[in-house]
file coords-v5.cif (mmCIF, N, CA and C atoms)
data_final
#
loop_
_atom_site.label_atom_id
_atom_site.label_comp_id
_atom_site.auth_asym_id
_atom_site.auth_seq_id
_atom_site.Cartn_x
_atom_site.Cartn_y
_atom_site.Cartn_z
N MET A 212 77.55 95.83 53.03
CA MET A 212 78.75 96.63 53.05
C MET A 212 78.79 97.54 54.28
N LYS A 213 77.63 98.10 54.65
CA LYS A 213 77.59 99.00 55.80
C LYS A 213 77.93 98.26 57.09
N ASN A 214 77.49 97.01 57.21
CA ASN A 214 77.82 96.22 58.40
C ASN A 214 79.32 96.01 58.52
N ARG A 215 79.95 95.76 57.39
CA ARG A 215 81.41 95.55 57.40
C ARG A 215 82.14 96.82 57.85
N GLN A 216 81.70 97.97 57.35
CA GLN A 216 82.32 99.25 57.74
C GLN A 216 82.11 99.51 59.23
N PHE A 217 80.91 99.20 59.70
CA PHE A 217 80.62 99.38 61.11
C PHE A 217 81.52 98.49 61.97
N LEU A 218 81.67 97.24 61.58
CA LEU A 218 82.53 96.32 62.33
C LEU A 218 83.98 96.78 62.31
N LEU A 219 84.45 97.26 61.17
CA LEU A 219 85.82 97.78 61.09
C LEU A 219 86.00 99.00 61.99
N LEU A 220 85.01 99.87 62.02
CA LEU A 220 85.06 101.05 62.88
C LEU A 220 85.09 100.63 64.35
N CYS A 221 84.27 99.66 64.72
CA CYS A 221 84.27 99.16 66.10
C CYS A 221 85.61 98.54 66.47
N ALA A 222 86.16 97.74 65.58
CA ALA A 222 87.46 97.11 65.84
C ALA A 222 88.55 98.15 65.99
N ALA A 223 88.53 99.18 65.16
CA ALA A 223 89.53 100.24 65.25
C ALA A 223 89.39 101.00 66.56
N THR A 224 88.17 101.26 66.99
CA THR A 224 87.93 101.96 68.25
C THR A 224 88.46 101.15 69.43
N VAL A 225 88.16 99.87 69.45
CA VAL A 225 88.66 99.00 70.52
C VAL A 225 90.18 98.97 70.52
N ALA A 226 90.78 98.86 69.36
CA ALA A 226 92.24 98.82 69.27
C ALA A 226 92.87 100.12 69.78
N LEU A 227 92.24 101.23 69.50
CA LEU A 227 92.77 102.52 69.95
C LEU A 227 92.57 102.74 71.44
N LEU A 228 91.47 102.25 71.99
CA LEU A 228 91.18 102.48 73.40
C LEU A 228 91.80 101.44 74.33
N ALA A 229 92.21 100.32 73.83
CA ALA A 229 92.76 99.26 74.67
C ALA A 229 93.93 99.74 75.53
N PRO A 230 94.91 100.48 74.98
CA PRO A 230 96.00 100.95 75.84
C PRO A 230 95.53 101.90 76.92
N VAL A 231 94.51 102.70 76.65
CA VAL A 231 94.00 103.64 77.64
C VAL A 231 93.36 102.88 78.80
N VAL A 232 92.57 101.88 78.50
CA VAL A 232 91.94 101.08 79.54
C VAL A 232 92.99 100.32 80.33
N HIS A 233 93.97 99.75 79.64
CA HIS A 233 95.01 98.98 80.31
C HIS A 233 95.84 99.84 81.25
N ALA A 234 96.05 101.09 80.91
CA ALA A 234 96.89 101.98 81.70
C ALA A 234 96.07 102.84 82.65
N ALA A 235 94.97 102.33 83.14
CA ALA A 235 94.11 103.11 84.03
C ALA A 235 94.89 103.57 85.25
N PRO A 236 94.73 104.84 85.62
CA PRO A 236 95.44 105.35 86.78
C PRO A 236 94.96 104.69 88.06
N ALA A 237 95.79 104.78 89.10
CA ALA A 237 95.49 104.12 90.36
C ALA A 237 94.16 104.56 90.93
N ALA A 238 93.84 105.85 90.81
CA ALA A 238 92.59 106.35 91.36
C ALA A 238 91.39 105.68 90.68
N ALA A 239 91.54 105.19 89.45
CA ALA A 239 90.46 104.54 88.73
C ALA A 239 90.45 103.03 88.97
N ARG A 240 91.51 102.48 89.49
CA ARG A 240 91.57 101.04 89.78
C ARG A 240 90.87 100.76 91.10
N ILE A 241 90.46 99.54 91.28
CA ILE A 241 89.87 99.14 92.55
C ILE A 241 90.99 98.65 93.44
N GLY A 242 91.19 99.35 94.54
CA GLY A 242 92.24 98.98 95.47
C GLY A 242 91.73 98.04 96.55
N ASN A 243 92.63 97.26 97.09
CA ASN A 243 92.33 96.33 98.17
C ASN A 243 92.94 96.90 99.45
N PRO A 244 92.12 97.32 100.43
CA PRO A 244 92.66 97.91 101.64
C PRO A 244 93.59 96.98 102.43
N LYS A 245 93.30 95.68 102.40
CA LYS A 245 94.18 94.72 103.11
C LYS A 245 95.55 94.66 102.45
N ALA A 246 95.57 94.63 101.13
CA ALA A 246 96.85 94.65 100.41
C ALA A 246 97.55 95.99 100.64
N GLY A 247 96.76 97.07 100.73
CA GLY A 247 97.33 98.39 101.01
C GLY A 247 97.95 98.45 102.39
N GLU A 248 97.30 97.81 103.35
CA GLU A 248 97.85 97.77 104.71
C GLU A 248 99.19 97.03 104.72
N ALA A 249 99.27 95.94 103.97
CA ALA A 249 100.53 95.20 103.87
C ALA A 249 101.60 96.05 103.18
N ALA A 250 101.22 96.75 102.11
CA ALA A 250 102.17 97.62 101.40
C ALA A 250 102.62 98.78 102.28
N PHE A 251 101.75 99.22 103.18
CA PHE A 251 102.06 100.35 104.06
C PHE A 251 103.20 100.03 105.03
N LEU A 252 103.48 98.76 105.24
CA LEU A 252 104.58 98.41 106.15
C LEU A 252 105.88 99.08 105.74
N LYS A 253 106.09 99.28 104.44
CA LYS A 253 107.28 100.00 103.97
C LYS A 253 107.21 101.47 104.39
N CYS A 254 106.03 102.03 104.38
CA CYS A 254 105.83 103.44 104.75
C CYS A 254 105.98 103.63 106.26
N ALA A 255 105.65 102.56 107.02
CA ALA A 255 105.63 102.65 108.48
C ALA A 255 107.01 102.86 109.10
N SER A 256 108.06 102.71 108.32
CA SER A 256 109.38 103.00 108.87
C SER A 256 109.54 104.50 109.12
N CYS A 257 108.71 105.33 108.46
CA CYS A 257 108.77 106.79 108.64
C CYS A 257 107.44 107.38 109.12
N HIS A 258 106.32 106.76 108.78
CA HIS A 258 104.99 107.32 109.06
C HIS A 258 104.21 106.43 110.01
N GLN A 259 103.47 107.05 110.93
CA GLN A 259 102.61 106.32 111.84
C GLN A 259 101.15 106.57 111.49
N VAL A 260 100.31 105.59 111.81
CA VAL A 260 98.86 105.71 111.67
C VAL A 260 98.22 105.06 112.89
N GLY A 261 96.97 105.36 113.12
CA GLY A 261 96.26 104.73 114.22
C GLY A 261 96.05 105.68 115.38
N LYS A 262 95.42 105.15 116.41
CA LYS A 262 95.01 105.94 117.57
C LYS A 262 96.15 106.71 118.22
N TYR A 263 97.31 106.12 118.30
CA TYR A 263 98.44 106.76 119.00
C TYR A 263 99.50 107.31 118.04
N ALA A 264 99.12 107.55 116.80
CA ALA A 264 100.08 108.02 115.79
C ALA A 264 100.66 109.37 116.17
N GLN A 265 101.96 109.48 116.00
CA GLN A 265 102.70 110.71 116.25
C GLN A 265 103.60 110.98 115.05
N PRO A 266 103.99 112.23 114.86
CA PRO A 266 104.99 112.49 113.83
C PRO A 266 106.29 111.79 114.21
N ALA A 267 106.93 111.20 113.25
CA ALA A 267 108.21 110.52 113.48
C ALA A 267 109.19 111.10 112.47
N TYR A 268 109.85 110.23 111.71
CA TYR A 268 110.71 110.73 110.63
C TYR A 268 109.87 111.40 109.56
N GLY A 269 108.61 110.98 109.46
CA GLY A 269 107.63 111.61 108.57
C GLY A 269 106.39 111.94 109.38
N PRO A 270 105.45 112.70 108.81
CA PRO A 270 104.23 113.06 109.54
C PRO A 270 103.31 111.85 109.72
N GLN A 271 102.44 111.91 110.73
CA GLN A 271 101.43 110.87 110.87
C GLN A 271 100.44 111.03 109.72
N LEU A 272 99.81 109.95 109.31
CA LEU A 272 98.98 109.98 108.11
C LEU A 272 97.50 109.72 108.35
N ASN A 273 97.05 109.79 109.60
CA ASN A 273 95.62 109.65 109.86
C ASN A 273 94.85 110.74 109.12
N ALA A 274 93.71 110.40 108.56
CA ALA A 274 92.83 111.35 107.86
C ALA A 274 93.57 112.15 106.80
N ILE A 275 94.49 111.52 106.09
CA ILE A 275 95.29 112.21 105.07
C ILE A 275 94.44 112.65 103.87
N VAL A 276 93.47 111.82 103.46
CA VAL A 276 92.66 112.15 102.29
C VAL A 276 91.81 113.38 102.62
N GLY A 277 92.00 114.44 101.83
CA GLY A 277 91.28 115.69 102.02
C GLY A 277 92.04 116.74 102.81
N ARG A 278 93.16 116.35 103.40
CA ARG A 278 93.96 117.28 104.20
C ARG A 278 94.84 118.14 103.30
N LYS A 279 95.08 119.38 103.72
CA LYS A 279 96.01 120.24 103.00
C LYS A 279 97.43 119.76 103.30
N ALA A 280 98.25 119.66 102.27
CA ALA A 280 99.63 119.18 102.44
C ALA A 280 100.42 120.13 103.33
N GLY A 281 101.27 119.55 104.17
CA GLY A 281 102.15 120.33 105.01
C GLY A 281 101.50 120.92 106.25
N THR A 282 100.39 120.33 106.70
CA THR A 282 99.66 120.93 107.82
C THR A 282 99.47 120.02 109.03
N SER A 283 99.97 118.80 109.02
CA SER A 283 99.79 117.91 110.17
C SER A 283 100.59 118.46 111.34
N ALA A 284 99.94 118.61 112.48
CA ALA A 284 100.57 119.22 113.66
C ALA A 284 101.76 118.40 114.14
N GLY A 285 102.79 119.11 114.57
CA GLY A 285 103.92 118.47 115.22
C GLY A 285 105.03 118.00 114.29
N TYR A 286 104.89 118.21 112.99
CA TYR A 286 105.92 117.77 112.06
C TYR A 286 106.53 118.98 111.36
N LYS A 287 107.84 118.96 111.21
CA LYS A 287 108.55 120.06 110.54
C LYS A 287 108.67 119.73 109.05
N TYR A 288 107.76 120.29 108.26
CA TYR A 288 107.73 120.05 106.82
C TYR A 288 108.78 120.88 106.10
N SER A 289 109.17 120.40 104.93
CA SER A 289 110.05 121.18 104.06
C SER A 289 109.28 122.42 103.59
N GLU A 290 110.00 123.46 103.27
CA GLU A 290 109.37 124.66 102.72
C GLU A 290 108.63 124.32 101.43
N ALA A 291 109.20 123.43 100.64
CA ALA A 291 108.56 123.03 99.38
C ALA A 291 107.18 122.43 99.64
N MET A 292 107.06 121.58 100.64
CA MET A 292 105.76 120.97 100.95
C MET A 292 104.79 122.01 101.49
N LYS A 293 105.26 122.88 102.38
CA LYS A 293 104.37 123.90 102.95
C LYS A 293 103.85 124.85 101.88
N ARG A 294 104.66 125.14 100.88
CA ARG A 294 104.26 126.07 99.82
C ARG A 294 103.59 125.40 98.63
N SER A 295 103.48 124.09 98.66
CA SER A 295 102.96 123.36 97.49
C SER A 295 101.52 123.71 97.15
N GLY A 296 100.72 124.05 98.14
CA GLY A 296 99.31 124.35 97.90
C GLY A 296 98.46 123.12 97.62
N LEU A 297 99.05 121.94 97.76
CA LEU A 297 98.32 120.69 97.48
C LEU A 297 97.29 120.39 98.55
N VAL A 298 96.20 119.82 98.12
CA VAL A 298 95.27 119.15 99.01
C VAL A 298 95.38 117.69 98.64
N TRP A 299 95.46 116.82 99.65
CA TRP A 299 95.68 115.40 99.39
C TRP A 299 94.39 114.73 98.93
N THR A 300 94.01 115.01 97.70
CA THR A 300 92.94 114.26 97.05
C THR A 300 93.53 112.89 96.69
N GLU A 301 92.68 111.96 96.33
CA GLU A 301 93.20 110.65 95.93
C GLU A 301 94.09 110.77 94.69
N ALA A 302 93.72 111.64 93.76
CA ALA A 302 94.54 111.82 92.56
C ALA A 302 95.90 112.41 92.91
N ASN A 303 95.94 113.39 93.81
CA ASN A 303 97.23 113.98 94.22
C ASN A 303 98.07 112.99 95.01
N LEU A 304 97.42 112.22 95.89
CA LEU A 304 98.16 111.19 96.63
C LEU A 304 98.74 110.15 95.68
N ALA A 305 97.95 109.73 94.71
CA ALA A 305 98.43 108.73 93.74
C ALA A 305 99.64 109.27 92.99
N ALA A 306 99.56 110.51 92.53
CA ALA A 306 100.69 111.11 91.81
C ALA A 306 101.91 111.21 92.71
N PHE A 307 101.72 111.59 93.96
CA PHE A 307 102.83 111.72 94.90
C PHE A 307 103.45 110.36 95.21
N LEU A 308 102.61 109.35 95.37
CA LEU A 308 103.13 108.00 95.63
C LEU A 308 103.95 107.49 94.44
N ARG A 309 103.55 107.86 93.23
CA ARG A 309 104.28 107.45 92.03
C ARG A 309 105.62 108.17 91.91
N ALA A 310 105.63 109.47 92.19
CA ALA A 310 106.83 110.29 91.94
C ALA A 310 106.83 111.52 92.85
N PRO A 311 107.15 111.33 94.13
CA PRO A 311 107.06 112.45 95.08
C PRO A 311 107.88 113.67 94.69
N HIS A 312 109.05 113.46 94.14
CA HIS A 312 109.94 114.58 93.83
C HIS A 312 109.52 115.32 92.56
N ASP A 313 108.68 114.69 91.74
CA ASP A 313 108.10 115.38 90.59
C ASP A 313 106.91 116.23 91.01
N VAL A 314 106.12 115.72 91.96
CA VAL A 314 104.92 116.43 92.41
C VAL A 314 105.29 117.61 93.31
N VAL A 315 106.24 117.39 94.22
CA VAL A 315 106.70 118.47 95.11
C VAL A 315 108.23 118.52 95.03
N PRO A 316 108.76 119.21 94.04
CA PRO A 316 110.22 119.35 93.95
C PRO A 316 110.74 120.01 95.23
N GLY A 317 111.77 119.41 95.81
CA GLY A 317 112.32 119.94 97.05
C GLY A 317 111.74 119.30 98.30
N THR A 318 110.84 118.31 98.13
CA THR A 318 110.31 117.62 99.30
C THR A 318 111.45 116.92 100.03
N SER A 319 111.30 116.80 101.34
CA SER A 319 112.34 116.11 102.12
C SER A 319 112.07 114.61 102.22
N MET A 320 111.01 114.14 101.60
CA MET A 320 110.68 112.72 101.65
C MET A 320 111.76 111.90 100.96
N ARG A 321 112.26 110.89 101.66
CA ARG A 321 113.33 110.04 101.14
C ARG A 321 112.75 108.77 100.53
N PHE A 322 112.00 108.96 99.49
CA PHE A 322 111.31 107.86 98.83
C PHE A 322 111.21 108.23 97.36
N TRP A 323 111.44 107.28 96.49
CA TRP A 323 111.54 107.60 95.06
C TRP A 323 110.32 107.22 94.26
N GLY A 324 109.33 106.59 94.86
CA GLY A 324 108.08 106.34 94.16
C GLY A 324 107.76 104.88 93.94
N ILE A 325 106.51 104.63 93.58
CA ILE A 325 105.99 103.29 93.33
C ILE A 325 105.54 103.24 91.87
N SER A 326 106.05 102.29 91.13
CA SER A 326 105.66 102.17 89.71
C SER A 326 104.49 101.21 89.51
N ASP A 327 104.19 100.38 90.49
CA ASP A 327 103.11 99.40 90.38
C ASP A 327 101.77 100.09 90.66
N GLU A 328 100.97 100.29 89.61
CA GLU A 328 99.69 101.00 89.74
C GLU A 328 98.72 100.30 90.69
N GLN A 329 98.74 98.97 90.72
CA GLN A 329 97.84 98.27 91.63
C GLN A 329 98.25 98.53 93.08
N GLN A 330 99.54 98.56 93.34
CA GLN A 330 100.00 98.84 94.70
C GLN A 330 99.61 100.27 95.12
N VAL A 331 99.69 101.21 94.21
CA VAL A 331 99.26 102.58 94.50
C VAL A 331 97.76 102.58 94.83
N ALA A 332 96.96 101.87 94.04
CA ALA A 332 95.52 101.79 94.29
C ALA A 332 95.23 101.13 95.63
N ASP A 333 95.99 100.10 95.97
CA ASP A 333 95.81 99.42 97.26
C ASP A 333 96.15 100.36 98.41
N LEU A 334 97.24 101.10 98.29
CA LEU A 334 97.61 102.07 99.33
C LEU A 334 96.53 103.14 99.49
N LEU A 335 95.99 103.62 98.38
CA LEU A 335 94.91 104.61 98.45
C LEU A 335 93.69 104.04 99.16
N ALA A 336 93.34 102.80 98.86
CA ALA A 336 92.20 102.16 99.52
C ALA A 336 92.43 102.06 101.02
N TYR A 337 93.65 101.76 101.42
CA TYR A 337 93.99 101.69 102.84
C TYR A 337 93.95 103.08 103.48
N MET A 338 94.58 104.06 102.84
CA MET A 338 94.65 105.41 103.41
C MET A 338 93.29 106.09 103.46
N ARG A 339 92.41 105.73 102.55
CA ARG A 339 91.04 106.28 102.56
C ARG A 339 90.36 105.97 103.89
N GLY A 340 90.68 104.85 104.48
CA GLY A 340 90.04 104.43 105.73
C GLY A 340 90.73 104.92 106.99
N LEU A 341 91.84 105.62 106.87
CA LEU A 341 92.56 106.10 108.06
C LEU A 341 91.83 107.30 108.65
N ARG A 342 91.47 107.21 109.89
CA ARG A 342 90.75 108.32 110.55
C ARG A 342 91.51 108.83 111.73
#

call {"tool": "encode", "arguments": {"input": "coords-v5.cif", "output": "structure tokens"}}
result
Amino acid sequence: MKNRQFLLLCAATVALLAPVVHAAPAAARIGNPKAGEAAFLKCASCHQVGKYAQPAYGPQLNAIVGRKAGTSAGYKYSEAMKRSGLVWTEANLAAFLRAPHDVVPGTSMRFWGISDEQQVADLLAYMRGLR
């Protein structure tokens, strides 16, 4: 009888945790930097990266992970971004990529977010390597 109760408890635990595992946030997923580079092509219409990156319609994104939001030289940030107090950790970047206007209300970024968690993870993997 005890074995049956144990098995039922295990089955119930798995059933309860399955949605949590399935909905793992982007920061917990394994991202593919090559896929992230391909996904970044959409971002490249406003943001530059690489040796000669300059602010354009958006700020350059070299070394973004760990940087304080609103501080890249040469770009005129919105007051909302400058006052946000954010540091671009991977978790904050993931949240911003999903819903920029929820994370920084009043941001001037003209982008509404990415709902595909794997694509967010891929972009994070790519941006992690930007120096």

call {"tool": "resolve_selection", "arguments": {"input": "coords-v5.cif", "expression": "the PyMOL selection byres (((chain A and resi 254-256 and name CA) around 10) and name CA)", "output": "number ranges by chain"}}
result
A: 248-253, 257-260, 267-269, 271-272, 322, 334

call {"tool": "atom_distance", "arguments": {"input": "coords-v5.cif", "atom1": "CA of Ser295 (chain A)", "atom2": "CA of Gly324 (chain A)"}}
result
18.1 Å

call {"tool": "resolve_selection", "arguments": {"input": "coords-v5.cif", "expression": "the PyMOL selection byres ((chain A and resi 286) around 7)", "output": "ChimeraX atom specification"}}
result
/A:266-267,269-271,282-285,287-288

call {"tool": "atom_distance", "arguments": {"input": "coords-v5.cif", "atom1": "CA of Leu308 (chain A)", "atom2": "CA of Asp327 (chain A)"}}
result
10.1 Å

call {"tool": "closest_residue", "arguments": {"input": "coords-v5.cif", "among": "A:Ala274, A:Met320, A:Ala280, A:Ala302", "to": "Ala239 (chain A)", "atoms": "only C-alpha atoms"}}
result
A:Ala302

call {"tool": "resolve_selection", "arguments": {"input": "coords-v5.cif", "expression": "the PyMOL selection byres ((chain A and resi 323) around 6)", "output": "list in words"}}
result
Arg309, Ala310, Pro311, Arg321, Phe322, Gly324 and Ile325 of chain A

call {"tool": "closest_residue", "arguments": {"input": "coords-v5.cif", "among": "A:Gln265, A:Ala332, A:Trp299, A:Lys245", "to": "Gly281 (chain A)", "atoms": "only N, CA and C atoms"}}
result
A:Trp299

call {"tool": "atom_distance", "arguments": {"input": "coords-v5.cif", "atom1": "CA of Ala291 (chain A)", "atom2": "CA of Asp313 (chain A)"}}
result
11.7 Å

call {"tool": "residues_around", "arguments": {"input": "coords-v5.cif", "residues": "Val298 (chain A)", "least_positions_apart": "6", "cutoff": "6 Å", "atoms": "only N, CA and C atoms", "output": "number ranges by chain"}}
result
A: 277-280

call {"tool": "closest_residue", "arguments": {"input": "coords-v5.cif", "among": "A:Asp333, A:Arg342, A:Pro244, A:Asn303", "to": "Tyr263 (chain A)", "atoms": "only C-alpha atoms"}}
result
A:Arg342

call {"tool": "closest_residue", "arguments": {"input": "coords-v5.cif", "among": "A:Ala305, A:Leu335, A:Leu341, A:Ser319", "to": "Gly247 (chain A)", "atoms": "all atoms listed in the file"}}
result
A:Leu335

call {"tool": "select_by_dssp", "arguments": {"input": "coords-v5.cif", "residues": "region 265-337 of chain A", "states": "alpha helix (DSSP H)", "output": "ChimeraX atom specification"}}
result
/A:290-294,301-309,311-314,328-337

call {"tool": "axis_aligned_box", "arguments": {"input": "coords-v5.cif", "around": "region 279-298 of chain A", "padding_each_side": "6 Å", "output": "AutoDock Vina command-line options"}}
result
--center_x 102.6 --center_y 121.9 --center_z 106.2 --size_x 27.0 --size_y 20.4 --size_z 30.1
